[in-house]
Amino acid sequence: MKAEIGLHGKSRRTGPGPIAPERRLGKDAVTALLIHGCFQFGASMSGLFLNLYLWRLTQDLYVNGIYNIIVFLFTPLAFAVGGKITKLKDRMVTYRLGIVMIAVFYLLVVLAQEHVAAWYVPFAIFNGIAGGFYWTGYLVLMYDVSTEQNRVRFLAVNMVVFNSAGLIGPALAGFMIHLSGGLQGYVFVFLLAFLMFVAASVISFRIPMIVSHHKAYYLRLVGLVMRRNGLWVKGLAAFLVLGLFQGIMLFLPNILLFQTVGREDLVGYLGVFFSALTVGTGYVISRRVGKEPVRKFVLYSSAGIVLGAAFLLYDVRVWTVIVFMITFSICNPLAVNTLTSYYYGLIGKLPLKGQLRVESVVMRETFLNTGRVVSIVLLLCFAGDLTSIWLPIVLAVMAVCQFALFWLIRE
């Protein structure tokens, strides 16, 4: 086992070996990972192919763009309401409510089938609210079940579980859709996703609720905290910058892949490959030390994403899209994992000794989704269809913006 001396004279592991006791994950952390794995198995099938389903039904990038804008607009509102429920009740109440609502959402998709395209606005609103509740509960739960010593490892393992479930989901979904020979396969996928969300809801009861006497909701006071804590404001701004690229990447890649390869099963199999790269990145991060060089990691990540986007400027073909997705699959989790760990560290330094963790999660999502909405609006304004020369240009500009993360965060 290799070791080196840290800044304070303590040795730290830099290679594989037994996990230090303080970095091991507790029972609730493992259960949370199991629940999230079930959730991601369903989400990787349904979420990936829901945007593609809308595209197949409408052949209109505008519909996909507006759908995602509505989702990202309503998600922060759901975070605010979910934060209130979390403070008054418990984060598990919000979490379970989110899982159940997502299950109901995909049950409605199964019932509506091709009518989803006609009712995409109310479906987007409901999806945004359901997702907001789910992520409010889970983001607070991630903070609660991890510590300063094992948080980087927990987030990395979470990434491995998240994307391992995503390895199977897209391939299975693509196979089912291709086997059906039509749009009916999408309905089967959404039904299976519904069953996975139900399973996640049942498993969630293994994590006990926490009785807290601190039920005050300080969301209306975050403006005062922001004026007094410039470091936290820069951390929030970093998530806005992250959202500028994520907004496009949450729905466009699979449409581009389908447009270039022409088959849903191939889109699913390529999704497996990209998820495997992300799992590998997460595993490498999980084996490293507890405190990472944040600025260096986001700089490497931003450079890799820009390099990948540059290939799309040459031409949007199968090989350029695949090269871009390879660089994104490796570099994006590096930035997200590191930035999330960094932000959780900032939460612990805010006033009231951790009582602002719910409000901090709400504000994080507000800034992140603002960036997502801005990027999609820009895409729709400059590139109305997949053949537009502006599409790869907008994507490349949003990628370059990721370099701002280097100046917004501090070690």
# chains A, B, ... in the order shown; residues from 1 in each chain; ligands from 1

call {"tool": "closest_atom_pairs", "arguments": {"of": "stretch 180-249 of chain A", "to": "stretch 40-62 of chain A", "cutoff": "6 Å", "atoms": "only C-alpha atoms", "output": "CSV"}}
result
residue,atom,partner,partner_atom,distance
A:Phe190,CA,A:Ser46,CA,5.5
A:Ala193,CA,A:Gly42,CA,4.0
A:Met196,CA,A:Gly42,CA,5.4

call {"tool": "write_last_selection", "arguments": {"atoms": "all heavy atoms", "output": "short mmCIF file (atom, residue, chain, number, x, y, z; two decimals), in the first residue's frame"}}
result
data_model
loop_
_atom_site.label_atom_id
_atom_site.label_comp_id
_atom_site.auth_asym_id
_atom_site.auth_seq_id
_atom_site.Cartn_x
_atom_site.Cartn_y
_atom_site.Cartn_z
N PHE A 190 -41.89 2.00 -19.93
CA PHE A 190 -42.44 2.87 -18.90
C PHE A 190 -43.15 2.07 -17.81
O PHE A 190 -43.13 2.43 -16.63
CB PHE A 190 -43.40 3.88 -19.52
CG PHE A 190 -42.75 4.79 -20.54
CD1 PHE A 190 -43.44 5.18 -21.68
CD2 PHE A 190 -41.45 5.23 -20.38
CE1 PHE A 190 -42.84 6.01 -22.63
CE2 PHE A 190 -40.83 6.05 -21.32
CZ PHE A 190 -41.53 6.44 -22.44
N ALA A 193 -40.45 0.62 -15.59
CA ALA A 193 -39.91 1.70 -14.76
C ALA A 193 -40.84 1.98 -13.59
O ALA A 193 -40.40 2.19 -12.45
CB ALA A 193 -39.72 2.96 -15.60
N MET A 196 -40.20 -0.46 -10.84
CA MET A 196 -38.95 -0.19 -10.13
C MET A 196 -39.12 0.95 -9.14
O MET A 196 -38.56 0.93 -8.04
CB MET A 196 -37.83 0.13 -11.13
CG MET A 196 -37.40 -1.04 -12.00
SD MET A 196 -36.98 -2.52 -11.05
CE MET A 196 -35.67 -1.90 -9.99
#

call {"tool": "residues_around", "arguments": {"residues": "A:Met142", "least_positions_apart": "3", "cutoff": "12 Å", "atoms": "only C-alpha atoms", "output": "MDAnalysis selection string"}}
result
chainID A and resid 25:26 28:33 35:36 91:92 95 135:139 145:148 150:158 340:341 344 357:358 361

call {"tool": "closest_atom_pairs", "arguments": {"of": "stretch 243-335 of chain A", "to": "stretch 385-388 of chain A", "cutoff": "9 Å", "atoms": "only C-alpha atoms", "output": "CSV"}}
result
residue,atom,partner,partner_atom,distance
A:Ile255,CA,A:Leu386,CA,8.8
A:Leu256,CA,A:Leu386,CA,7.6
A:Gln259,CA,A:Leu386,CA,8.4
A:Val316,CA,A:Thr387,CA,8.8

call {"tool": "write_last_selection", "arguments": {"atoms": "all heavy atoms", "output": "tab-separated table (two decimals), in the first residue's frame"}}
result
chain	number	residue	atom	x	y	z
A	255	ILE	N	-31.12	12.09	-28.65
A	255	ILE	CA	-31.75	12.45	-29.92
A	255	ILE	C	-30.70	12.49	-31.03
A	255	ILE	O	-30.94	11.99	-32.14
A	255	ILE	CB	-32.46	13.81	-29.79
A	255	ILE	CG1	-33.61	13.72	-28.78
A	255	ILE	CG2	-33.01	14.26	-31.15
A	255	ILE	CD1	-34.32	15.03	-28.53
A	256	LEU	N	-29.53	13.04	-30.73
A	256	LEU	CA	-28.45	13.06	-31.71
A	256	LEU	C	-28.00	11.65	-32.08
A	256	LEU	O	-27.75	11.34	-33.25
A	256	LEU	CB	-27.26	13.86	-31.17
A	256	LEU	CG	-27.39	15.39	-31.13
A	256	LEU	CD1	-26.16	16.01	-30.49
A	256	LEU	CD2	-27.61	15.95	-32.52
A	259	GLN	N	-30.59	10.06	-34.23
A	259	GLN	CA	-30.58	10.67	-35.55
A	259	GLN	C	-29.43	10.14	-36.41
A	259	GLN	O	-29.55	10.05	-37.64
A	259	GLN	CB	-30.45	12.20	-35.41
A	259	GLN	CG	-30.74	12.98	-36.68
A	259	GLN	CD	-32.21	13.00	-37.03
A	259	GLN	OE1	-33.05	12.45	-36.33
A	259	GLN	NE2	-32.55	13.63	-38.16
A	316	VAL	N	-21.47	16.80	-37.36
A	316	VAL	CA	-22.30	15.98	-36.48
A	316	VAL	C	-22.55	14.65	-37.16
A	316	VAL	O	-23.49	14.50	-37.96
A	316	VAL	CB	-23.63	16.69	-36.13
A	316	VAL	CG1	-24.47	15.81	-35.19
A	316	VAL	CG2	-23.38	18.05	-35.49

call {"tool": "atom_distance", "arguments": {"atom1": "atom CA of A:Ser164", "atom2": "atom CA of A:Tyr134"}}
result
19.9 Å

call {"tool": "atom_distance", "arguments": {"atom1": "atom CA of A:Val160", "atom2": "atom CA of A:Tyr283"}}
result
6.4 Å

call {"tool": "closest_residue", "arguments": {"among": "A:Phe297, A:Phe123, A:Phe273, A:Phe239", "to": "A:Ser329", "atoms": "only C-alpha atoms"}}
result
A:Phe273
